[in-house]
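Q: Okay, here's the structure, questions in a sec.
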Amino acid sequence: MNFSYFSMSVIFLLIVMETIIIYFLLSRKKNRELAFESLAKREERYRLISENIGDVIWVLDLSTKKLKYVSPSIHRLSGYTPEEILDHPLKEILTHESFHRVSEYFQKKLPEIMQENFSGHLGTMEVEQICKNGSIVSTEVATVVNSDKNGKSIEILGVAYDITKRKYAEYFLRQSEEKFRLLVKLAPLPLGVISSNGQIEFLNDQFEKVFGYSLSDIPNIDQWWLLVYPDEVNRKTARETWESAVKTAADEKTNTKPMEFRVTCKDGRVLLLEISGITIMDKILATFVDITDRKITEETLRVTKERLQIVSDVSSDYAYLITISPEGKLKWEWVFGNIQQLLGYSESQISTSLSIIDLMPPEDQEHFQQVVKKWLSGQRSISEYRLRHKKGSVVWVQTCSTPIWDEKSERVVKVIGCLKEITERKRMEEALLQAKERMEMAMDAALAGSWHWHISTGQMVWSPQLFEIFGLDPCNKHASMNTWNSILHPEDREIAHFRLKQQMREKKSFPNEFRIIRPDGKIRLICAIGKFDYDELGIPIRMIGICVDITERQKNLDDLKSSEERFKILAESSFEGIMIISQESLIIEANQQLAEIWGYELLEIIGRPYTQFLHPDVCERAREAIESGREASDGYRGIRKDGSVFYFQARGRPAQFGGKLVRITVIREVNFRKPFESTRFKRPRVKARQLKNLRKAPFQSLND
């Protein structure tokens with residue numbers, strides 16, 4: 001009993017322990033599954049992040065010194081897939097300089113990295129990588145070290161991002177800064193940089209050239225005023241004026257406006273300057289404009305006006321002065337010269353009621369506005385435009401204008417200049433342009449191109465048509481003797497150069513035919529005709545000419561020659577006489593068989609009337625057949641050179657020969673007399689059916 005109870009207790013205890021173990025195992029399995037699921041989700045998130053960000057994530061195994069992971073974004077950066085990158089050693093991925101720099105860095109850092117509990121960050125460095133297409137991309141790489149649970153460094157995790165655009169931007173910024181420094185240094189105006197504490201930091205070359213002072217002479221603004229204004233009273237006034245303008249510009253956050261100063265140079269010269277300042281951060285870029293000459297010009301304007309009046313009176317040019325209002329409106333102030341003869345308006349009408357815009361066609365006003373903009377910016381202008389005559393006709397004029405700057409209003413207030421009529425010149429230019437266009441059209445139609453060779457310099461100029469004939473792209477090839485030699489057919493190169501030298505030596509122009517091989521492999525036949533120009537010593541200095549593509553023409557000539565030869569063979573081999581008769585009944589061409597039928601030499605027949613070889617009784621009928629212009633077949637009697645009479649059958653039809661209407665006639669001698677004679681000349685005694693049969697008889701007998 002006790003044993004049974006004990007057995008039951010043990011069994012119950014085993015069941016409970018089994019249940020607990022099973023529960024424990026199930027709980028661990030569930031927790032492990034949850035952990036695995038969480039880990040998988042985290043890995044999926046990290047994978048999505050690494051695959052979709054623009055930066056490249058990579059992992060380097062420290063034990064093997066090889067990459068064991070690279071994110072897919074490497075393809076956008078370098079063109080390689082992750083698998084391709086993993087198969088390449090680091091030496092092939094980086095440029096030579098970057099590989100050695102990275103190797104040296106990690107060799108130096110490796111002992112420190114392999115220590116236990118090493119801090120993860122290694123910093124950043126710039127590395128150049130080689131793309132799949134061979135190009136170089138600049139990257140910035142940030143790296144950290146991963147350790148295992150024991151604190152041992154096992155791998156390096158890196159993130160690389162493309163900094164190519166930033167490098168380009170930095171490069172162009174440096175270039176821009178260097179260009180700016182060079183621009184300031186070489187600027188045609190004197191320039192200086194003044195700091196906020198009054199120190200002069202920079203003076204360009206033009207400053208020292210104009211004033212004679214160097215940076216050692218005027219290290220600060222105090223020394224500047226002391227040297228350029230020896231008089232103490234004037235110095236004080238000038239300095240106060242400048243400092244007040246600088247303070248006003250600082251308060252208004254603008255640039256220092258131009259002001260007029262009279263300064264003394266190192267050599268004692270006194271210049272009238274316009275000084276202004278451009279605020280750049282805490283510094284001022286001072287500009288110095290010498291207006292001495294302009295002041296002298298304004299001072300002598302009255303004298304100039306009088307001289308212009310005299311010039312206009314004795315020449316065909318016109319002088320004028322235009323006033324520009326603050327609103328930009330233009331008005332003639334005065335015009336010298338017979339303006340009424342030019343435009344039909346009196347000088348008073350021009351000056352009081354008409355502006356230059358009123359006299360201008362609408363289509364020329366936009367161009368003239370650009371001229372006005374030049375005036376307002378102080379630039380001289382030489383322009384051509386049209387003005388309308390009072391009667392409605394159009395007059396072309398050329399103007400040369402100089403703007404006049406007013407110091408008080410700080411703007412261009414007047415424009416002085418001269419005007420000249422160029423209507424006839426414009427007509428000649430238009431005619432020349434039309435002639436040029438017609439010539440280009442003719443050259444296009446003739447497959448011709450022109451060239452101009454400056455022998456002394458070796459420079460050559462080819463027309464677009466010549467480039468097209470040679471099959472060359474003017475963007476990729478330039479005109480030169482080397483280019484011409486490169487396309488010459490090897491078999492024609494020597495003779496082409498020989499003819500060129502012969503023409504130069506004999507001072508004659510004659511065609512030079514040669515073949516070329518175009519880049520597309522096609523062979524073309526070219527005919528070049530040129531003319532040399534010589535100096536007073538007889539030395540050639542230039543050559544001009546044209547090249548004509550005569551490939552098709554030569555082919556047509558060859559085909560025509562072959563056709564003529566075939567026709568001649570056929571004509572000479574015929575058993576019938578063949579001739580070409582003009583509308584005047586003259587024999588233009590004939591074959592040898594025709595001459596033999598009539599008993600003449602061939603040259604004795606050519607050019608003579610056809611009727612001279614016929615019996616007088618049939619001449620009229622033969623002329624009627626020729627003049628009728630219809631195809632016909634008939635029988636005739638002919639007279640040989642020895643005076644004997646023979647009978648022949650003639651078939652003729654109209655045709656075009658040499659652009660004229662002719663008659664091609666074929667004759668066949670008939671070897672019987674009486675039936676033919678009785679049929680043709682005793683027609684009333686023979687029935688129509690008999691006549692028809694008799695006409696067929698000669699051909700039937702020959703066919704038999």
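In the structure tokens, the first chain shown is A, the next is B, and so on; residue numbers restart at 1 for each chain, and ligands run from 1 in the order shown.
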Please provide the set of residues having any atom within 12 Å of Glu240 of chain A, restricted to only C-alpha atoms, with same-chain residues fewer than 6 positions apart removed, written as a PyMOL selection string.
A: chain A and resi 225+233-234+246-247+261
Q: Can you tell me which residues surround segment 488-503 of chain A at a distance of at most 8 Å, considering only C-alpha atoms, apart from same-chain residues fewer than 4 positions away, and format the answer as a list in words?
A: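 The residues satisfying every condition are Trp484, Lys507, Lys508, Ser509, Phe510, Asn512, Glu513, Phe514, Arg515, Ile516 and Ile517 of chain A.
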Q: Select from segment 409-557 of chain A everything DSSP, run on the backbone, classes as strand (DSSP E or B), then give the selection as JSON, numbers by chain.
A: {"A": [411, 412, 413, 414, 415, 416, 417, 418, 419, 420, 421, 448, 449, 450, 451, 452, 453, 454, 459, 460, 461, 462, 488, 512, 513, 514, 515, 516, 517, 523, 524, 525, 526, 527, 528, 529, 530, 531, 532, 533, 534, 540, 541, 542, 543, 544, 545, 546, 547, 548, 549]}
Q: Glu208 of chain A: which residues within 9 Å, counting only C-alpha atoms, same-chain residues fewer than 6 positions away excluded, as a PyMOL selection string?
A: chain A and resi 190+214-215
